[in-house]
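Okay, data21.txt is below, compact mmCIF, C-alpha atoms:
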# COMPACT_ATOMS: atom_id res chain seq x y z
CA MET A 1 1.51 -16.94 4.52
CA ALA A 2 3.22 -13.61 4.89
CA VAL A 3 4.02 -11.51 1.85
CA ILE A 4 7.74 -11.55 0.97
CA THR A 5 9.42 -8.23 0.25
CA LEU A 6 11.37 -8.93 -2.93
CA THR A 7 14.72 -7.34 -3.70
CA SER A 8 17.58 -8.06 -6.07
CA ALA A 9 19.20 -9.91 -3.15
CA ASN A 10 16.44 -12.48 -2.67
CA PHE A 11 14.62 -12.53 -6.03
CA GLU A 12 16.48 -15.52 -7.42
CA GLU A 13 16.10 -17.60 -4.27
CA GLU A 14 12.50 -16.68 -3.45
CA VAL A 15 11.07 -16.45 -6.99
CA LEU A 16 13.19 -18.03 -9.69
CA LYS A 17 14.22 -21.07 -7.63
CA SER A 18 10.91 -21.49 -5.84
CA ASP A 19 9.35 -24.97 -5.78
CA VAL A 20 5.88 -23.46 -5.88
CA PRO A 21 4.38 -20.72 -8.09
CA VAL A 22 5.05 -17.16 -6.91
CA LEU A 23 2.72 -14.21 -7.44
CA VAL A 24 4.79 -11.02 -7.73
CA ASP A 25 3.13 -7.63 -7.25
CA PHE A 26 5.12 -4.82 -8.93
CA TRP A 27 4.07 -1.61 -7.20
CA ALA A 28 5.05 1.88 -6.01
CA SER A 29 3.94 3.98 -3.06
CA TRP A 30 2.83 6.93 -5.24
CA CYS A 31 0.53 4.78 -7.37
CA GLY A 32 -3.05 4.90 -6.06
CA PRO A 33 -4.30 1.76 -7.82
CA CYS A 34 -1.24 -0.12 -6.47
CA ARG A 35 -2.11 0.87 -2.92
CA MET A 36 -5.69 -0.26 -3.52
CA LEU A 37 -4.52 -3.60 -4.93
CA GLY A 38 -1.98 -4.18 -2.13
CA PRO A 39 -4.41 -5.27 0.62
CA MET A 40 -6.12 -7.69 -1.80
CA VAL A 41 -2.76 -9.26 -2.68
CA GLU A 42 -2.02 -9.57 1.03
CA GLN A 43 -5.36 -11.30 1.61
CA VAL A 44 -4.55 -13.78 -1.16
CA ALA A 45 -1.21 -14.44 0.56
CA ASP A 46 -2.96 -14.98 3.90
CA GLU A 47 -5.20 -17.55 2.28
CA SER A 48 -2.29 -19.55 0.81
CA ASP A 49 -2.04 -23.12 2.06
CA GLY A 50 1.59 -23.21 0.98
CA SER A 51 0.87 -24.22 -2.61
CA PHE A 52 1.96 -20.75 -3.75
CA LYS A 53 3.92 -17.77 -2.43
CA VAL A 54 3.27 -14.06 -2.76
CA GLY A 55 5.88 -11.31 -3.03
CA LYS A 56 5.82 -7.55 -3.44
CA LEU A 57 8.43 -5.71 -5.46
CA ASN A 58 8.75 -1.95 -5.12
CA VAL A 59 9.69 -0.64 -8.58
CA ASP A 60 11.34 2.48 -7.13
CA ASP A 61 13.65 0.49 -4.88
CA GLU A 62 14.24 -2.28 -7.43
CA GLY A 63 14.35 -0.44 -10.74
CA ASP A 64 16.65 -2.99 -12.35
CA LEU A 65 14.26 -5.87 -11.74
CA ALA A 66 11.30 -3.78 -12.95
CA GLU A 67 13.23 -3.02 -16.13
CA LYS A 68 14.34 -6.62 -16.57
CA TYR A 69 10.72 -7.76 -16.54
CA GLY A 70 9.64 -4.98 -18.89
CA ILE A 71 7.32 -3.25 -16.46
CA MET A 72 5.55 -0.39 -18.25
CA ASN A 73 2.36 -0.21 -16.20
CA ILE A 74 1.73 -0.64 -12.52
CA PRO A 75 0.20 -2.27 -10.65
CA ALA A 76 1.46 -5.34 -12.55
CA LEU A 77 1.01 -8.89 -11.31
CA LYS A 78 3.14 -11.71 -12.66
CA VAL A 79 3.05 -15.38 -11.70
CA PHE A 80 6.41 -17.15 -11.88
CA LYS A 81 6.60 -20.93 -12.11
CA GLY A 82 9.88 -22.76 -12.59
CA GLY A 83 11.63 -19.42 -13.09
CA GLU A 84 9.34 -18.39 -15.96
CA ILE A 85 6.41 -15.98 -16.15
CA VAL A 86 3.32 -18.10 -16.77
CA LYS A 87 0.52 -15.58 -16.14
CA GLU A 88 0.35 -11.80 -15.88
CA SER A 89 -2.04 -8.92 -15.61
CA VAL A 90 -1.84 -5.13 -15.41
CA GLY A 91 -4.03 -2.64 -13.59
CA LEU A 92 -6.37 -2.94 -10.67
CA ILE A 93 -8.26 -6.25 -10.71
CA PRO A 94 -10.68 -7.80 -8.22
CA LYS A 95 -9.49 -10.35 -5.68
CA ASP A 96 -11.08 -13.36 -7.41
CA LYS A 97 -9.18 -12.46 -10.59
CA ILE A 98 -5.94 -12.36 -8.62
CA LYS A 99 -6.70 -15.88 -7.41
CA GLU A 100 -7.47 -16.97 -10.96
CA LEU A 101 -3.94 -15.96 -11.98
CA LEU A 102 -2.65 -18.55 -9.53
CA SER A 103 -4.57 -21.44 -11.04
CA VAL A 104 -1.46 -22.61 -12.90
CA MET B 1 -33.19 -7.11 4.04
CA ALA B 2 -31.30 -3.81 3.88
CA ASP B 3 -33.02 -0.44 3.84
CA ILE B 4 -30.83 0.85 1.04
CA VAL B 5 -28.57 -0.91 -1.44
CA ILE B 6 -25.90 1.25 -3.05
CA ILE B 7 -24.26 0.03 -6.23
CA GLY B 8 -20.71 1.36 -6.53
CA ALA B 9 -18.23 2.37 -3.81
CA GLY B 10 -16.76 5.49 -5.36
CA THR B 11 -17.16 9.00 -4.02
CA ALA B 12 -20.90 9.19 -4.78
CA GLY B 13 -21.70 5.74 -3.36
CA LEU B 14 -19.67 6.14 -0.18
CA SER B 15 -21.04 9.65 0.41
CA ALA B 16 -24.56 8.28 -0.01
CA ALA B 17 -23.74 5.54 2.50
CA ILE B 18 -22.53 8.09 5.07
CA TYR B 19 -25.73 10.15 4.77
CA ALA B 20 -28.04 7.11 4.82
CA LEU B 21 -26.29 5.56 7.82
CA ARG B 22 -26.38 8.80 9.76
CA ALA B 23 -30.12 8.91 9.03
CA GLY B 24 -30.38 5.56 10.78
CA LYS B 25 -30.81 3.31 7.73
CA SER B 26 -29.05 0.01 7.11
CA VAL B 27 -26.86 0.00 4.01
CA ILE B 28 -25.22 -2.60 1.79
CA ILE B 29 -22.76 -1.36 -0.83
CA PHE B 30 -21.80 -3.53 -3.79
CA GLU B 31 -18.50 -2.96 -5.55
CA GLN B 32 -17.02 -5.07 -8.32
CA LEU B 33 -13.41 -3.90 -8.14
CA ALA B 34 -12.11 -1.75 -5.28
CA TYR B 35 -13.57 1.08 -3.26
CA GLY B 36 -12.66 4.66 -4.05
CA GLY B 37 -13.62 4.90 -7.69
CA GLN B 38 -11.76 6.98 -10.24
CA ILE B 39 -10.21 9.38 -7.73
CA ILE B 40 -7.62 6.79 -6.65
CA ASN B 41 -5.78 7.51 -9.92
CA THR B 42 -5.30 11.17 -9.03
CA PRO B 43 -2.05 11.90 -7.17
CA GLU B 44 -3.12 15.26 -5.72
CA VAL B 45 -6.66 16.52 -5.25
CA GLU B 46 -6.55 20.28 -4.82
CA ASN B 47 -10.11 21.35 -5.62
CA TYR B 48 -12.15 19.74 -2.86
CA PRO B 49 -13.41 22.59 -0.69
CA GLY B 50 -11.96 22.58 2.80
CA ILE B 51 -9.04 20.31 1.92
CA LYS B 52 -6.04 22.13 0.49
CA SER B 53 -4.34 19.04 -0.88
CA ILE B 54 -4.81 15.31 -0.48
CA SER B 55 -3.89 12.29 -2.56
CA GLY B 56 -6.80 10.58 -4.28
CA PHE B 57 -5.93 7.37 -2.47
CA ASP B 58 -6.00 9.01 0.97
CA PHE B 59 -9.28 10.73 0.12
CA ALA B 60 -10.83 7.39 -0.91
CA GLN B 61 -9.43 5.66 2.15
CA GLY B 62 -10.91 8.33 4.43
CA LEU B 63 -14.33 8.04 2.80
CA TYR B 64 -14.24 4.27 3.08
CA GLU B 65 -13.23 4.29 6.74
CA GLN B 66 -15.90 6.86 7.54
CA ALA B 67 -18.63 4.76 5.90
CA VAL B 68 -17.47 1.52 7.51
CA ALA B 69 -17.18 3.12 10.97
CA LEU B 70 -20.84 4.16 10.62
CA GLY B 71 -21.81 0.57 9.87
CA ALA B 72 -21.74 0.24 6.08
CA GLU B 73 -21.49 -3.30 4.78
CA LEU B 74 -19.29 -3.47 1.67
CA LYS B 75 -19.59 -6.55 -0.51
CA PHE B 76 -17.23 -7.20 -3.40
CA GLU B 77 -19.80 -8.61 -5.80
CA GLN B 78 -20.77 -7.63 -9.32
CA VAL B 79 -24.37 -6.52 -9.78
CA THR B 80 -25.99 -8.26 -12.73
CA GLY B 81 -29.48 -6.79 -12.54
CA ILE B 82 -32.15 -5.09 -10.45
CA GLU B 83 -35.91 -5.64 -10.08
CA ASP B 84 -38.59 -3.16 -9.09
CA GLY B 85 -41.48 -3.92 -6.75
CA ALA B 86 -42.81 -3.20 -3.27
CA VAL B 87 -39.54 -4.81 -2.19
CA LYS B 88 -36.73 -4.16 -4.67
CA LYS B 89 -34.27 -6.88 -5.63
CA VAL B 90 -30.58 -6.67 -6.52
CA LYS B 91 -28.98 -9.65 -8.25
CA THR B 92 -25.23 -10.05 -7.93
CA SER B 93 -22.47 -12.53 -8.67
CA GLY B 94 -22.92 -13.64 -5.04
CA GLY B 95 -26.68 -13.93 -4.71
CA GLU B 96 -29.91 -11.99 -4.54
CA TYR B 97 -30.63 -9.20 -2.04
CA GLU B 98 -33.82 -7.42 -1.06
CA CYS B 99 -34.04 -3.77 -0.12
CA GLY B 100 -36.34 -0.79 0.23
CA ALA B 101 -34.51 1.59 -2.11
CA ILE B 102 -31.59 1.47 -4.53
CA ILE B 103 -28.94 4.08 -5.28
CA LEU B 104 -27.03 3.56 -8.51
CA ALA B 105 -23.55 5.05 -8.18
CA THR B 106 -21.71 3.09 -10.82
CA GLY B 107 -19.49 5.92 -11.98
CA ALA B 108 -17.64 5.79 -15.26
CA LYS B 109 -14.53 4.14 -16.62
CA ASN B 110 -11.81 5.12 -19.05
CA ARG B 111 -13.03 5.24 -22.62
CA PRO B 112 -10.91 3.10 -24.94
CA LEU B 113 -9.99 4.28 -28.44
CA GLY B 114 -11.56 1.16 -29.87
CA LEU B 115 -8.61 0.30 -32.10
CA ASP B 116 -7.36 -3.17 -32.97
CA ARG B 117 -4.91 -4.62 -30.40
CA GLU B 118 -5.59 -1.85 -27.88
CA GLN B 119 -6.44 -4.33 -25.10
CA GLU B 120 -3.49 -6.63 -25.75
CA LEU B 121 -1.01 -3.72 -25.74
CA ILE B 122 -2.06 -2.46 -22.30
CA GLY B 123 1.08 -3.02 -20.28
CA SER B 124 3.19 -3.07 -23.44
CA GLY B 125 3.04 0.59 -24.31
CA ILE B 126 -0.60 1.54 -23.82
CA SER B 127 -1.69 3.16 -20.59
CA TYR B 128 -4.70 5.07 -19.24
CA CYS B 129 -2.79 6.45 -16.24
CA ALA B 130 0.13 8.77 -16.93
CA THR B 131 0.84 9.38 -13.27
CA CYS B 132 1.09 5.62 -12.65
CA ASP B 133 3.13 4.67 -15.66
CA GLY B 134 4.87 7.81 -16.92
CA ALA B 135 8.10 7.15 -15.05
CA PHE B 136 8.65 3.91 -16.98
CA PHE B 137 9.03 5.94 -20.15
CA LYS B 138 11.88 8.12 -18.90
CA GLY B 139 13.93 9.46 -21.79
CA ARG B 140 11.63 7.94 -24.40
CA ALA B 141 9.09 9.39 -26.83
CA VAL B 142 5.42 9.05 -25.98
CA ALA B 143 2.05 10.30 -27.19
CA VAL B 144 -1.01 11.50 -25.31
CA ASN B 145 -4.41 11.32 -26.98
CA GLY B 146 -7.20 13.62 -25.89
CA GLY B 147 -8.20 17.26 -25.45
CA GLY B 148 -9.59 17.57 -21.94
CA ASN B 149 -7.92 18.46 -18.66
CA THR B 150 -6.71 14.92 -18.07
CA ALA B 151 -4.90 14.85 -21.43
CA LEU B 152 -3.33 18.27 -20.76
CA GLU B 153 -2.22 17.27 -17.27
CA ASP B 154 -0.84 14.00 -18.59
CA ALA B 155 1.16 15.78 -21.31
CA LEU B 156 2.65 18.21 -18.80
CA PHE B 157 3.49 15.43 -16.34
CA LEU B 158 5.09 13.28 -19.04
CA SER B 159 7.12 16.20 -20.42
CA ASN B 160 9.12 16.07 -17.20
CA TYR B 161 10.25 12.50 -17.86
CA CYS B 162 10.05 11.83 -21.58
CA SER B 163 12.31 12.99 -24.38
CA LYS B 164 9.31 13.94 -26.47
CA VAL B 165 5.56 14.16 -25.93
CA TYR B 166 3.15 14.29 -28.86
CA LEU B 167 -0.25 15.62 -27.83
CA ILE B 168 -2.70 14.23 -30.34
CA HIS B 169 -6.18 15.76 -30.42
CA ARG B 170 -8.97 15.42 -32.96
CA ARG B 171 -9.87 19.12 -32.89
CA ASP B 172 -7.83 22.32 -33.13
CA GLU B 173 -9.03 23.60 -29.75
CA PHE B 174 -8.78 22.04 -26.33
CA ARG B 175 -11.71 21.41 -24.01
CA GLY B 176 -9.30 21.65 -21.06
CA GLU B 177 -8.26 24.80 -19.23
CA ALA B 178 -6.63 27.55 -21.31
CA LYS B 179 -4.09 28.18 -18.56
CA GLN B 180 -2.91 24.60 -18.84
CA VAL B 181 -2.60 24.85 -22.65
CA GLU B 182 -0.41 27.95 -22.25
CA LYS B 183 1.85 26.03 -19.87
CA LEU B 184 2.23 23.22 -22.40
CA LYS B 185 3.24 25.68 -25.12
CA THR B 186 6.26 26.72 -23.07
CA LYS B 187 7.56 23.14 -23.01
CA GLU B 188 10.07 22.52 -25.76
CA ASN B 189 9.56 18.75 -25.84
CA ILE B 190 5.79 18.87 -26.37
CA GLU B 191 4.52 18.81 -29.95
CA PHE B 192 0.87 19.50 -30.69
CA VAL B 193 -0.67 17.20 -33.28
CA LEU B 194 -4.08 18.78 -33.84
CA ASN B 195 -7.07 17.94 -36.04
CA SER B 196 -5.71 14.42 -36.00
CA THR B 197 -6.95 10.98 -35.06
CA ILE B 198 -5.04 7.79 -34.35
CA THR B 199 -5.99 5.19 -36.93
CA GLU B 200 -3.61 2.36 -36.11
CA LEU B 201 -1.43 1.04 -33.30
CA VAL B 202 1.92 -0.14 -34.64
CA GLY B 203 4.28 -2.65 -33.03
CA ASP B 204 4.79 -6.36 -32.51
CA ASP B 205 5.03 -7.36 -28.84
CA GLU B 206 5.35 -3.77 -27.73
CA LEU B 207 3.98 -0.54 -29.11
CA SER B 208 6.47 1.18 -31.43
CA GLY B 209 4.32 3.88 -32.97
CA VAL B 210 0.92 5.21 -33.93
CA LYS B 211 -0.49 6.03 -37.37
CA VAL B 212 -2.12 9.41 -37.33
CA LEU B 213 -4.51 10.91 -39.86
CA ASP B 214 -4.53 14.69 -40.25
CA LYS B 215 -8.17 15.42 -40.96
CA VAL B 216 -7.45 18.80 -42.60
CA SER B 217 -4.70 17.79 -45.02
CA GLY B 218 -5.95 14.20 -45.37
CA GLU B 219 -2.39 13.00 -44.90
CA SER B 220 -1.42 10.02 -42.80
CA ARG B 221 1.89 9.64 -40.99
CA LEU B 222 3.62 7.33 -38.55
CA ILE B 223 4.73 8.81 -35.23
CA GLU B 224 7.30 6.62 -33.49
CA VAL B 225 6.57 6.34 -29.77
CA ASP B 226 7.12 3.73 -27.06
CA GLY B 227 4.09 4.76 -25.09
CA LEU B 228 0.56 5.96 -25.77
CA PHE B 229 -1.46 7.50 -22.95
CA ILE B 230 -5.16 7.49 -23.75
CA ALA B 231 -7.17 10.26 -22.10
CA ILE B 232 -10.26 10.68 -24.26
CA GLY B 233 -12.76 10.72 -21.44
CA GLN B 234 -14.97 8.31 -19.62
CA MET B 235 -17.90 6.09 -20.37
CA PRO B 236 -20.62 4.75 -18.10
CA GLU B 237 -21.45 1.11 -17.43
CA ASN B 238 -25.17 0.88 -16.84
CA ALA B 239 -26.30 -1.78 -19.29
CA ALA B 240 -27.27 -4.14 -16.43
CA PHE B 241 -30.07 -1.76 -15.36
CA ALA B 242 -31.72 -1.22 -18.76
CA PRO B 243 -34.50 -1.35 -19.82
CA LEU B 244 -35.98 -0.87 -16.31
CA ILE B 245 -33.93 2.30 -15.88
CA THR B 246 -33.95 4.83 -18.70
CA LEU B 247 -30.48 5.59 -20.11
CA ASP B 248 -29.50 8.31 -22.56
CA GLY B 249 -27.82 7.63 -25.89
CA ALA B 250 -24.38 7.53 -24.31
CA GLY B 251 -25.47 5.09 -21.60
CA TYR B 252 -25.81 7.56 -18.70
CA ILE B 253 -28.79 7.16 -16.35
CA VAL B 254 -31.37 9.85 -17.07
CA ALA B 255 -31.78 11.73 -13.78
CA GLY B 256 -31.75 15.39 -12.76
CA GLU B 257 -30.24 17.18 -9.79
CA ASP B 258 -32.79 15.43 -7.55
CA CYS B 259 -31.10 12.14 -8.54
CA LYS B 260 -34.48 10.54 -9.33
CA THR B 261 -34.60 7.98 -12.12
CA ASN B 262 -37.74 6.99 -14.03
CA VAL B 263 -38.46 4.38 -11.31
CA GLU B 264 -39.65 5.46 -7.88
CA GLY B 265 -37.29 4.47 -5.12
CA ILE B 266 -34.33 4.01 -7.47
CA PHE B 267 -31.88 6.89 -7.57
CA ALA B 268 -28.73 7.72 -9.53
CA ALA B 269 -25.77 9.55 -8.01
CA GLY B 270 -22.43 10.75 -9.34
CA ASP B 271 -20.78 10.34 -12.73
CA CYS B 272 -23.20 7.61 -13.85
CA ARG B 273 -26.10 10.03 -14.33
CA THR B 274 -26.75 12.69 -16.96
CA LYS B 275 -25.04 15.92 -15.86
CA THR B 276 -22.63 18.50 -17.19
CA VAL B 277 -20.09 18.72 -14.36
CA ARG B 278 -18.44 15.51 -13.16
CA GLN B 279 -16.22 16.37 -10.21
CA LEU B 280 -15.46 15.00 -6.78
CA THR B 281 -17.65 17.67 -5.19
CA THR B 282 -20.62 16.93 -7.47
CA ALA B 283 -20.28 13.19 -6.81
CA ALA B 284 -20.31 13.80 -3.05
CA ALA B 285 -23.24 16.20 -3.40
CA ASP B 286 -25.22 13.65 -5.41
CA GLY B 287 -24.53 11.07 -2.72
CA ALA B 288 -26.15 13.27 -0.09
CA VAL B 289 -29.13 14.16 -2.29
CA ALA B 290 -29.78 10.56 -3.37
CA ALA B 291 -29.39 9.17 0.16
CA LEU B 292 -31.80 11.63 1.73
CA ALA B 293 -34.30 11.09 -1.11
CA ALA B 294 -34.02 7.34 -0.60
CA CYS B 295 -34.62 7.77 3.16
CA ALA B 296 -37.70 9.88 2.44
CA TYR B 297 -38.96 7.25 -0.03
CA ILE B 298 -38.64 4.43 2.55
CA ASP B 299 -40.27 6.45 5.33
Final structure tokens representation of the file:
Amino acid sequence: MAVITLTSANFEEEVLKSDVPVLVDFWASWCGPCRMLGPMVEQVADESDGSFKVGKLNVDDEGDLAEKYGIMNIPALKVFKGGEIVKESVGLIPKDKIKELLSV
Amino acid sequence: MADIVIIGAGTAGLSAAIYALRAGKSVIIFEQLAYGGQIINTPEVENYPGIKSISGFDFAQGLYEQAVALGAELKFEQVTGIEDGAVKKVKTSGGEYECGAIILATGAKNRPLGLDREQELIGSGISYCATCDGAFFKGRAVAVNGGGNTALEDALFLSNYCSKVYLIHRRDEFRGEAKQVEKLKTKENIEFVLNSTITELVGDDELSGVKVLDKVSGESRLIEVDGLFIAIGQMPENAAFAPLITLDGAGYIVAGEDCKTNVEGIFAAGDCRTKTVRQLTTAAADGAVAALAACAYID
């Protein structure tokens, strides 16, 4: 599945009201570890059979959402299920650990 | 079977791969996290000869693409051990591999303070990357801990965003560049907290302050901050190779400028070995030296 670009306009629909868990990648273009993590997150999205979705949220473009979810370090990954955060991690992590976050 | 297995895909490992591949050897590189190594955290590299300025990410990406274009095979597996012999063996999370020579290029990682709750507060006030996370602390008070160039650069960077930056250092002199220290002294919102160590991280769900002990006066005080940026240096991760490979007291692989370890055919390149200067250029140089030595060993 393709990665969804998340904004304040679609966050509620795509993430909070999603029927399946959503992995959200909080990132920024000037953050090296974020750019390293990005392709791995995209690979995880490609491998989704529809049982989860993956979205990317640019913290520069969507500062309000970053603040709302208390982002203090990036890259930050958060898994939303039923509108709630059920798993999270900060920093660069290997691909298998990203997949582990989705075992919810 | 590969001619050469390289452990670690940072600057040293990828440079070694480029030299080995150009010498006609087959190469497998193992990496547990992501290629590029520590340099990906650096926004601007301005001391690599021949390149005026480049982001650490772009530098890493270029190295990676160069190695892959030459035929490097990069496997994202964690190495759990190595074995010596006529044919050397590398055990990983994904299996067991045979090779003619091994280059250890495991690098180093950020050294933690080792205080209670440090791990759980990462993401809730504790960070090891000021350039990644500094902007989230706009208008707030933060502390930087350390006395090297990274700590000085972090303090300067954060002073542009934060209302107040406490630079906490255990000595009264900085290991980092004097020029940088002078720059910091001109910043009104930077306060030097010298001869001091952090003894406690304070806060419930998020960091709200640090307890600091002044080693000269013996007095302890609470400094209220929302963020703590830890920049007290690096530490190696070579335990998987001991006791076959000799390590020094700090865990670095004992090897000289020829990159030779105590075992023939096993080499160490970059920040993971004993050396005084750990820079991008020295990592790249080690990669070349280790790769050519490994080629000579096989032939």
Self-check item: Test item: chain B residues at most 6 Å from chain A, counting only C-alpha atoms, as number ranges by chain
Solution: B: 33, 40-41, 57, 123, 132-133, 136
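Taking atom CA of Glu237 of chain B and atom CA of Leu280 of chain B as endpoints, the distance between them is 18.5 Å.
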Quiz prompt | Top pick for closest residue to Arg171 of chain B, considering B:Ile190, B:Ala255, B:Leu121, B:Val216 and counting all atoms listed in the file | solution =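 Checking each candidate against Arg171 of chain B, we get B:Val216 as the closest.
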Practice problem: Considering all atoms listed in the file, return as JSON, numbers by chain whatever protein or nucleic-acid residues lie within 7 Å of segment 46-52 of chain A, sequence-local ones (same chain, fewer than 5 positions apart) excluded. | Solution: {"A": [1, 2, 20, 21, 22]}
Practice problem: Measure the distance from atom CA of Asp226 of chain B to atom CA of Leu101 of chain A in Å and round it to one decimal. | Solution: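 Pair atom CA of Asp226 of chain B / atom CA of Leu101 of chain A returns 27.2 Å.
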Exercise. Record the distance separating atom CA of Leu167 of chain B and atom CA of Asn145 of chain B, expressed in Å with one decimal.
Key: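 Going from atom CA of Leu167 of chain B over to atom CA of Asn145 of chain B covers 6.0 Å.
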Self-check item: Given all atoms listed in the file as the counted atoms, nearest of B:Glu118, B:Lys164, B:Gly81, B:Ala231 to Ala151 of chain B
Solution: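 The closest residue to Ala151 of chain B is B:Ala231.
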Self-check item: Distance query Leu201 of chain B at most 7 Å, all atoms listed in the file, self and fewer than 5 positions along chain excluded, as a PyMOL selection string
Solution: chain B and resi 209-211
Quiz item: segment 12-14 of chain B: which residues within 8 Å, counting all atoms listed in the file, same-chain residues fewer than 2 positions away excluded, as a list of chain:residue names?
Solution: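 Near segment 12-14 of chain B, the qualifying residues are B:Ile6, B:Ile7, B:Gly8, B:Ala9, B:Gly10, B:Ala16, B:Ala17, B:Ile18, B:Ile29, B:Leu63, B:Tyr64, B:Ala67, B:Ile103, B:Leu104, B:Ala105, B:Thr106, B:Ala269, B:Gly270, B:Ala283, B:Ala284, B:Ala285, B:Asp286, B:Gly287.
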Dump of C-alpha atoms for the selected residues, as a CSV table (one decimal), in the frame of the given file:
chain,number,residue,atom,x,y,z
B,6,ILE,CA,-25.9,1.2,-3.0
B,7,ILE,CA,-24.3,0.0,-6.2
B,8,GLY,CA,-20.7,1.4,-6.5
B,9,ALA,CA,-18.2,2.4,-3.8
B,10,GLY,CA,-16.8,5.5,-5.4
B,16,ALA,CA,-24.6,8.3,0.0
B,17,ALA,CA,-23.7,5.5,2.5
B,18,ILE,CA,-22.5,8.1,5.1
B,29,ILE,CA,-22.8,-1.4,-0.8
B,63,LEU,CA,-14.3,8.0,2.8
B,64,TYR,CA,-14.2,4.3,3.1
B,67,ALA,CA,-18.6,4.8,5.9
B,103,ILE,CA,-28.9,4.1,-5.3
B,104,LEU,CA,-27.0,3.6,-8.5
B,105,ALA,CA,-23.6,5.0,-8.2
B,106,THR,CA,-21.7,3.1,-10.8
B,269,ALA,CA,-25.8,9.6,-8.0
B,270,GLY,CA,-22.4,10.8,-9.3
B,283,ALA,CA,-20.3,13.2,-6.8
B,284,ALA,CA,-20.3,13.8,-3.0
B,285,ALA,CA,-23.2,16.2,-3.4
B,286,ASP,CA,-25.2,13.6,-5.4
B,287,GLY,CA,-24.5,11.1,-2.7
